[in-house]
Amino acid sequence: MKPGNEEIARDKAIRVSRDHLADGREIIYFDDRGATLPTARKADSRTLDPRPATANARQDPLTGEWISVAAARQNRVMLPPAHLDPLAPQSPTNPSEVPDNYDVAVFENRSPSFGPQPTIEGVGFTAAIGLERTAQSAGRCEVVCFSPEHDGSFASLGDLRARTVIEAWAHRTAELSKVPAVKQVFPFENRGEAIGVTLHHPHGQIYSYPYVTPRTQRLQASVADYGQSLMSDILDREREGGRVLIAGEYWTAFVPFAARWPVEIHVLPHRDVPDFAHTSLEERDELASLYPRLLRGVDALYDTPTPYIGAWHQAPLEGGDGIRLMAQVTSPRRAADKLKFLAGSEAAMGAWIADVSPEVAAENLREAIARADASAAQSSNTSPQKDA
């Protein structure tokens, strides 16, 4: 059953406005609290090719997993120069994807893995195993631009802008959860070339899947075996232990007991919240400070920024009892000049071997967060003061 609106919070101080791009894709602007940007934005005057057909998915009969075959993604832009940044506001010399200036902008992906047809019901996904089973990759993929600036990262946005992004995640989760074909909504950020990013501009994405993802299916099985208090009990145990990184009033960040990656951090809310749409405004406010602080600590581990995936796991729209919203920040960086590659055991068999003890990783991250906090405080104290 699709969720209703009875528990959905909305920050009315963050203005939301909608428009469409030249090929019919939707674009949504989210303006910071107190922003002075105009409500009406410039129209997209480009001439664009028609949107690609909705991709097809194929079932792997050895695992039951579905693989979306989205050939249009081969044509996406790859690390363009700054003056041709497709996520910067359009200019006479840069025909980008965003027609006008913005604080945070969300638009439908031009080369989606799922969609662009988002409304098909009964698209053929099934748990039953068969040979050469296919389905239509209905759903929707969106790009979330964190800032109009070409450079920067989520960690450097500042609390005000981070809060706007979090409001966008909540808004889009609420709306995408109502799409008939969608079974799960996944906001995430890929950061750094070592992760495989194709654009340097600070941004994330939202995938709306027409099935429950394999990782979430395994979590569903764990909850069924342990009981619906699984994630609550994990949080209680971690908060009593030595792997906590940041503890807030509403959220706790920690290195998990069985961390796979050299850098792996989980962030859990203190109450059972299935997704961003059901967080309170107070929870979003605290997260806007806590999450960038955490990422600044990840960057302070070494002399150069650390690549990572920031994955926001949300409960599926059906079968989500006992599953709460959780951030999972992971990085393959196991030393200043070394990466962990998924070789034979991990890639072929799914049997992980950790290179770094979770307890050691937690201590390293706590020290890095402390360095980042000190650096931020020093920067604040030495920055020029405006006249009263």
# chains A, B, ... in the order shown; residues from 1 in each chain; ligands from 1
$ residues_around --residues "Val106 (chain A)" --least-positions-apart "4" --cutoff "9 Å" --atoms "only C-alpha atoms" --output "PyMOL selection string"
chain A and resi 26-30+142-146+168+172+205
$ select_by_dssp --residues "region 174-368 of chain A" --states "strand (DSSP E or B)" --output "ChimeraX atom specification"
/A:184-191,203-209,244-247,251-254,263-269,308-313,326-331,333-335,338-339
$ select_by_dssp --residues "region 65-139 of chain A" --states "helix (DSSP H, G or I)" --output "number ranges by chain"
A: 71-75, 82-84
$ atom_distance --atom1 "CA of Gly242 (chain A)" --atom2 "CA of His266 (chain A)"
14.0 Å
$ closest_atom_pairs --of "region 10-72 of chain A" --to "region 213-221 of chain A" --cutoff "10 Å" --atoms "only C-alpha atoms" --output "JSON lines"
{"residue": "A:Thr63", "atom": "CA", "partner": "A:Pro214", "partner_atom": "CA", "distance": 9.6}
{"residue": "A:Gly64", "atom": "CA", "partner": "A:Pro214", "partner_atom": "CA", "distance": 9.1}
{"residue": "A:Glu65", "atom": "CA", "partner": "A:Pro214", "partner_atom": "CA", "distance": 6.8}
{"residue": "A:Trp66", "atom": "CA", "partner": "A:Thr213", "partner_atom": "CA", "distance": 8.7}
$ closest_residue --among "A:Phe186, A:Tyr291, A:Trp261, A:Phe107" --to "Asp159 (chain A)" --atoms "only C-alpha atoms"
A:Tyr291
$ residues_around --residues "His20 (chain A)" --least-positions-apart "3" --cutoff "12 Å" --atoms "only C-alpha atoms" --output "JSON, numbers by chain"
{"A": [17, 23, 24, 25, 26, 27, 28, 29, 41, 42, 43, 44, 45, 46, 97, 98, 99, 106, 107, 108]}
$ closest_atom_pairs --of "region 241-299 of chain A" --to "region 323-334 of chain A" --cutoff "6 Å" --atoms "only C-alpha atoms" --output "JSON lines"
{"residue": "A:Pro262", "atom": "CA", "partner": "A:Arg334", "partner_atom": "CA", "distance": 5.0}
{"residue": "A:Val263", "atom": "CA", "partner": "A:Ser331", "partner_atom": "CA", "distance": 5.0}
{"residue": "A:Glu264", "atom": "CA", "partner": "A:Thr330", "partner_atom": "CA", "distance": 4.4}
{"residue": "A:Ile265", "atom": "CA", "partner": "A:Val329", "partner_atom": "CA", "distance": 5.0}
{"residue": "A:His266", "atom": "CA", "partner": "A:Gln328", "partner_atom": "CA", "distance": 4.7}
{"residue": "A:Val267", "atom": "CA", "partner": "A:Ala327", "partner_atom": "CA", "distance": 4.9}
{"residue": "A:Leu268", "atom": "CA", "partner": "A:Met326", "partner_atom": "CA", "distance": 5.0}
{"residue": "A:Asp272", "atom": "CA", "partner": "A:Arg324", "partner_atom": "CA", "distance": 5.6}
{"residue": "A:Val273", "atom": "CA", "partner": "A:Arg324", "partner_atom": "CA", "distance": 5.1}
{"residue": "A:Pro274", "atom": "CA", "partner": "A:Arg324", "partner_atom": "CA", "distance": 4.3}
{"residue": "A:Asp275", "atom": "CA", "partner": "A:Leu325", "partner_atom": "CA", "distance": 4.9}
$ write_last_selection --atoms "N, CA and C atoms" --output "PDB file, in the first residue's frame"
ATOM      1  N   PRO A 262      36.840  -0.044   4.195  1.00  0.00           N
ATOM      2  CA  PRO A 262      37.814   0.645   5.053  1.00  0.00           C
ATOM      3  C   PRO A 262      37.209   1.846   5.774  1.00  0.00           C
ATOM      4  N   VAL A 263      36.342   2.579   5.071  1.00  0.00           N
ATOM      5  CA  VAL A 263      35.539   3.628   5.686  1.00  0.00           C
ATOM      6  C   VAL A 263      34.084   3.238   5.504  1.00  0.00           C
ATOM      7  N   GLU A 264      33.387   2.999   6.595  1.00  0.00           N
ATOM      8  CA  GLU A 264      31.956   2.693   6.542  1.00  0.00           C
ATOM      9  C   GLU A 264      31.297   3.283   7.784  1.00  0.00           C
ATOM     10  N   ILE A 265      30.309   4.106   7.549  1.00  0.00           N
ATOM     11  CA  ILE A 265      29.598   4.805   8.617  1.00  0.00           C
ATOM     12  C   ILE A 265      28.103   4.631   8.404  1.00  0.00           C
ATOM     13  N   HIS A 266      27.393   4.336   9.472  1.00  0.00           N
ATOM     14  CA  HIS A 266      25.940   4.306   9.437  1.00  0.00           C
ATOM     15  C   HIS A 266      25.399   5.459  10.279  1.00  0.00           C
ATOM     16  N   VAL A 267      24.319   6.051   9.822  1.00  0.00           N
ATOM     17  CA  VAL A 267      23.631   7.109  10.558  1.00  0.00           C
ATOM     18  C   VAL A 267      22.176   6.689  10.697  1.00  0.00           C
ATOM     19  N   LEU A 268      21.716   6.590  11.943  1.00  0.00           N
ATOM     20  CA  LEU A 268      20.341   6.153  12.203  1.00  0.00           C
ATOM     21  C   LEU A 268      19.583   7.194  13.014  1.00  0.00           C
ATOM     22  N   ASP A 272      11.707   5.109  15.016  1.00  0.00           N
ATOM     23  CA  ASP A 272      11.396   4.342  13.812  1.00  0.00           C
ATOM     24  C   ASP A 272      10.802   5.262  12.759  1.00  0.00           C
ATOM     25  N   VAL A 273      11.620   5.665  11.803  1.00  0.00           N
ATOM     26  CA  VAL A 273      11.210   6.536  10.704  1.00  0.00           C
ATOM     27  C   VAL A 273      11.508   5.795   9.405  1.00  0.00           C
ATOM     28  N   PRO A 274      10.521   5.485   8.570  1.00  0.00           N
ATOM     29  CA  PRO A 274      10.787   4.664   7.393  1.00  0.00           C
ATOM     30  C   PRO A 274      11.551   5.373   6.287  1.00  0.00           C
ATOM     31  N   ASP A 275      11.410   6.705   6.183  1.00  0.00           N
ATOM     32  CA  ASP A 275      12.024   7.418   5.067  1.00  0.00           C
ATOM     33  C   ASP A 275      12.100   8.902   5.398  1.00  0.00           C
TER      34      ASP A 275
END
$ closest_residue --among "A:Ala170, A:Pro112, A:Ala138, A:Ala13" --to "His278 (chain A)" --atoms "only C-alpha atoms"
A:Ala170
$ residues_around --residues "region 9-12 of chain A" --least-positions-apart "3" --cutoff "12 Å" --atoms "only C-alpha atoms" --output "number ranges by chain"
A: 4-6, 15-16, 30-34, 163-174, 275-285
$ write_last_selection --atoms "C-alpha atoms" --output "compact mmCIF listing (two decimals), in the first residue's frame"
# COMPACT_ATOMS: atom_id res chain seq x y z
CA GLY A 4 -0.59 8.59 2.82
CA ASN A 5 0.22 12.18 3.73
CA GLU A 6 -0.88 12.17 7.36
CA ARG A 15 9.94 27.61 -1.45
CA VAL A 16 9.23 24.99 -4.12
CA PHE A 30 13.99 24.44 -3.93
CA ASP A 31 14.92 27.89 -2.58
CA ASP A 32 16.80 28.34 0.70
CA ARG A 33 15.03 29.81 3.69
CA GLY A 34 15.07 33.58 3.18
CA ARG A 163 18.85 21.78 5.04
CA THR A 164 17.39 22.69 1.65
CA VAL A 165 18.81 19.51 0.10
CA ILE A 166 17.33 17.43 2.93
CA GLU A 167 13.95 19.08 2.35
CA ALA A 168 14.26 18.20 -1.34
CA TRP A 169 14.99 14.55 -0.43
CA ALA A 170 11.89 14.50 1.78
CA HIS A 171 9.71 16.20 -0.85
CA ARG A 172 10.81 13.89 -3.63
CA THR A 173 10.48 10.77 -1.48
CA ALA A 174 6.90 11.71 -0.63
CA ASP A 275 12.02 7.42 5.07
CA PHE A 276 12.87 11.10 4.69
CA ALA A 277 9.24 12.00 4.06
CA HIS A 278 8.30 10.93 7.58
CA THR A 279 11.08 12.78 9.42
CA SER A 280 10.11 15.79 11.51
CA LEU A 281 11.35 19.30 10.80
CA GLU A 282 13.46 19.10 13.96
CA GLU A 283 15.11 15.89 12.75
CA ARG A 284 15.87 17.50 9.40
CA ASP A 285 17.34 20.57 11.09
$ closest_residue --among "A:Ser68, A:Ser289, A:Ser375, A:Asn94" --to "Gln136 (chain A)" --atoms "only C-alpha atoms"
A:Ser68
$ residues_around --residues "His200 (chain A)" --least-positions-apart "2" --cutoff "12 Å" --atoms "only C-alpha atoms" --output "ChimeraX atom specification"
/A:77-82,84-88,145-147,149-153,189-198,202-204,307
$ write_last_selection --atoms "N, CA and C atoms" --output "compact mmCIF listing (two decimals), in the first residue's frame"
# COMPACT_ATOMS: atom_id res chain seq x y z
N VAL A 77 27.22 12.65 -20.41
CA VAL A 77 28.41 13.50 -20.39
C VAL A 77 29.43 12.92 -19.42
N MET A 78 30.73 13.00 -19.80
CA MET A 78 31.80 12.43 -18.98
C MET A 78 32.82 13.51 -18.62
N LEU A 79 32.83 13.97 -17.37
CA LEU A 79 33.80 14.90 -16.82
C LEU A 79 34.07 16.08 -17.77
N PRO A 80 33.05 16.90 -18.05
CA PRO A 80 33.23 18.05 -18.94
C PRO A 80 34.03 19.15 -18.26
N PRO A 81 34.60 20.07 -19.03
CA PRO A 81 35.30 21.22 -18.43
C PRO A 81 34.30 22.12 -17.71
N ALA A 82 34.83 22.95 -16.81
CA ALA A 82 33.97 23.78 -15.96
C ALA A 82 33.07 24.70 -16.78
N LEU A 84 31.57 24.14 -19.42
CA LEU A 84 30.47 23.39 -20.04
C LEU A 84 29.80 22.48 -19.01
N ASP A 85 29.76 22.93 -17.78
CA ASP A 85 29.15 22.18 -16.69
C ASP A 85 27.64 22.05 -16.94
N PRO A 86 27.10 20.83 -17.13
CA PRO A 86 25.68 20.68 -17.42
C PRO A 86 24.77 20.89 -16.23
N LEU A 87 25.34 21.07 -15.03
CA LEU A 87 24.53 21.29 -13.84
C LEU A 87 24.61 22.73 -13.33
N ALA A 88 25.42 23.55 -13.97
CA ALA A 88 25.46 24.97 -13.64
C ALA A 88 24.29 25.68 -14.31
N CYS A 145 20.83 18.75 -7.77
CA CYS A 145 21.95 19.69 -7.78
C CYS A 145 22.01 20.39 -6.43
N PHE A 146 23.10 20.20 -5.71
CA PHE A 146 23.23 20.75 -4.36
C PHE A 146 23.53 22.25 -4.35
N SER A 147 24.05 22.76 -5.44
CA SER A 147 24.51 24.15 -5.48
C SER A 147 24.70 24.55 -6.93
N GLU A 149 27.19 26.25 -7.87
CA GLU A 149 28.63 26.37 -8.05
C GLU A 149 29.22 25.09 -8.61
N HIS A 150 30.22 25.23 -9.48
CA HIS A 150 30.84 24.07 -10.11
C HIS A 150 31.64 23.24 -9.11
N ASP A 151 32.27 23.91 -8.16
CA ASP A 151 33.12 23.23 -7.19
C ASP A 151 32.44 23.16 -5.83
N GLY A 152 32.98 22.29 -4.97
CA GLY A 152 32.45 22.13 -3.63
C GLY A 152 31.97 20.72 -3.40
N SER A 153 31.35 20.51 -2.25
CA SER A 153 30.84 19.19 -1.88
C SER A 153 29.71 19.37 -0.89
N GLU A 189 24.50 9.82 -3.19
CA GLU A 189 25.52 10.71 -3.76
C GLU A 189 26.77 9.89 -4.05
N ASN A 190 27.28 9.98 -5.26
CA ASN A 190 28.59 9.44 -5.61
C ASN A 190 29.57 10.61 -5.63
N ARG A 191 30.66 10.49 -4.87
CA ARG A 191 31.60 11.60 -4.81
C ARG A 191 33.02 11.10 -5.12
N GLY A 192 33.65 11.66 -6.15
CA GLY A 192 35.04 11.34 -6.47
C GLY A 192 35.18 10.43 -7.67
N GLU A 193 36.22 10.67 -8.46
CA GLU A 193 36.44 9.87 -9.67
C GLU A 193 36.70 8.40 -9.34
N ALA A 194 37.29 8.12 -8.18
CA ALA A 194 37.55 6.72 -7.81
C ALA A 194 36.26 5.95 -7.62
N ILE A 195 35.16 6.66 -7.36
CA ILE A 195 33.85 6.02 -7.23
C ILE A 195 33.21 5.84 -8.60
N GLY A 196 33.62 6.66 -9.58
CA GLY A 196 33.06 6.56 -10.92
C GLY A 196 32.17 7.71 -11.31
N VAL A 197 32.30 8.86 -10.63
CA VAL A 197 31.46 10.00 -10.99
C VAL A 197 31.80 10.49 -12.39
N THR A 198 30.77 11.00 -13.08
CA THR A 198 30.97 11.55 -14.42
C THR A 198 30.88 13.08 -14.44
N PRO A 202 28.86 19.44 -7.50
CA PRO A 202 28.26 18.78 -6.33
C PRO A 202 26.79 18.44 -6.57
N HIS A 203 26.49 17.15 -6.56
CA HIS A 203 25.14 16.71 -6.85
C HIS A 203 24.93 15.29 -6.34
N GLY A 204 23.70 14.89 -6.30
CA GLY A 204 23.34 13.52 -6.00
C GLY A 204 22.26 13.06 -6.96
N PRO A 307 37.05 9.84 -1.65
CA PRO A 307 35.86 9.46 -2.43
C PRO A 307 34.91 8.63 -1.57
$ closest_residue --among "A:Thr306, A:Gln59, A:Asn101, A:Ser113" --to "Glu132 (chain A)" --atoms "only C-alpha atoms"
A:Gln59
$ closest_residue --among "A:Asp299, A:Asp236, A:Glu286, A:Asp337" --to "Ala155 (chain A)" --atoms "only C-alpha atoms"
A:Asp299
$ atom_distance --atom1 "CA of Gly124 (chain A)" --atom2 "CA of Pro61 (chain A)"
14.8 Å
$ closest_residue --among "A:Ala72, A:Ile246, A:Leu317, A:Ala162" --to "Val212 (chain A)" --atoms "only C-alpha atoms"
A:Leu317
$ decode --residues "region 10-28 of chain A" --atoms "N, CA and C atoms" --output "short mmCIF file (atom, residue, chain, number, x, y, z; two decimals), in the first residue's frame"
data_model
loop_
_atom_site.label_atom_id
_atom_site.label_comp_id
_atom_site.auth_asym_id
_atom_site.auth_seq_id
_atom_site.Cartn_x
_atom_site.Cartn_y
_atom_site.Cartn_z
N ARG A 10 6.31 19.42 6.22
CA ARG A 10 6.68 20.29 5.09
C ARG A 10 7.19 21.61 5.64
N ASP A 11 8.41 21.98 5.28
CA ASP A 11 8.99 23.25 5.71
C ASP A 11 8.54 24.33 4.73
N LYS A 12 7.58 25.13 5.14
CA LYS A 12 7.01 26.13 4.25
C LYS A 12 7.95 27.31 4.01
N ALA A 13 9.04 27.39 4.80
CA ALA A 13 10.02 28.46 4.58
C ALA A 13 10.93 28.16 3.40
N ILE A 14 10.92 26.93 2.93
CA ILE A 14 11.69 26.53 1.74
C ILE A 14 10.73 26.50 0.57
N ARG A 15 10.88 27.47 -0.33
CA ARG A 15 9.94 27.61 -1.45
C ARG A 15 10.21 26.57 -2.52
N VAL A 16 9.15 26.01 -3.07
CA VAL A 16 9.23 24.99 -4.12
C VAL A 16 8.50 25.51 -5.35
N SER A 17 9.14 25.46 -6.52
CA SER A 17 8.50 25.86 -7.76
C SER A 17 8.86 24.87 -8.86
N ARG A 18 7.95 24.70 -9.81
CA ARG A 18 8.10 23.67 -10.84
C ARG A 18 8.12 24.29 -12.24
N ASP A 19 8.79 23.57 -13.14
CA ASP A 19 8.79 23.95 -14.55
C ASP A 19 9.12 22.70 -15.35
N HIS A 20 9.25 22.86 -16.67
CA HIS A 20 9.62 21.74 -17.52
C HIS A 20 10.76 22.15 -18.44
N LEU A 21 11.62 21.21 -18.75
CA LEU A 21 12.71 21.43 -19.69
C LEU A 21 12.19 21.25 -21.12
N ALA A 22 13.04 21.56 -22.09
CA ALA A 22 12.60 21.62 -23.49
C ALA A 22 12.05 20.29 -24.01
N ASP A 23 12.53 19.17 -23.46
CA ASP A 23 12.04 17.87 -23.93
C ASP A 23 10.94 17.31 -23.05
N GLY A 24 10.38 18.12 -22.17
CA GLY A 24 9.24 17.69 -21.35
C GLY A 24 9.60 17.20 -19.96
N ARG A 25 10.88 17.05 -19.65
CA ARG A 25 11.27 16.60 -18.31
C ARG A 25 10.93 17.65 -17.26
N GLU A 26 10.55 17.19 -16.10
CA GLU A 26 10.20 18.12 -15.03
C GLU A 26 11.46 18.61 -14.31
N ILE A 27 11.45 19.88 -13.92
CA ILE A 27 12.50 20.44 -13.07
C ILE A 27 11.81 21.14 -11.90
N ILE A 28 12.38 20.96 -10.70
CA ILE A 28 11.80 21.52 -9.48
C ILE A 28 12.89 22.30 -8.75
#
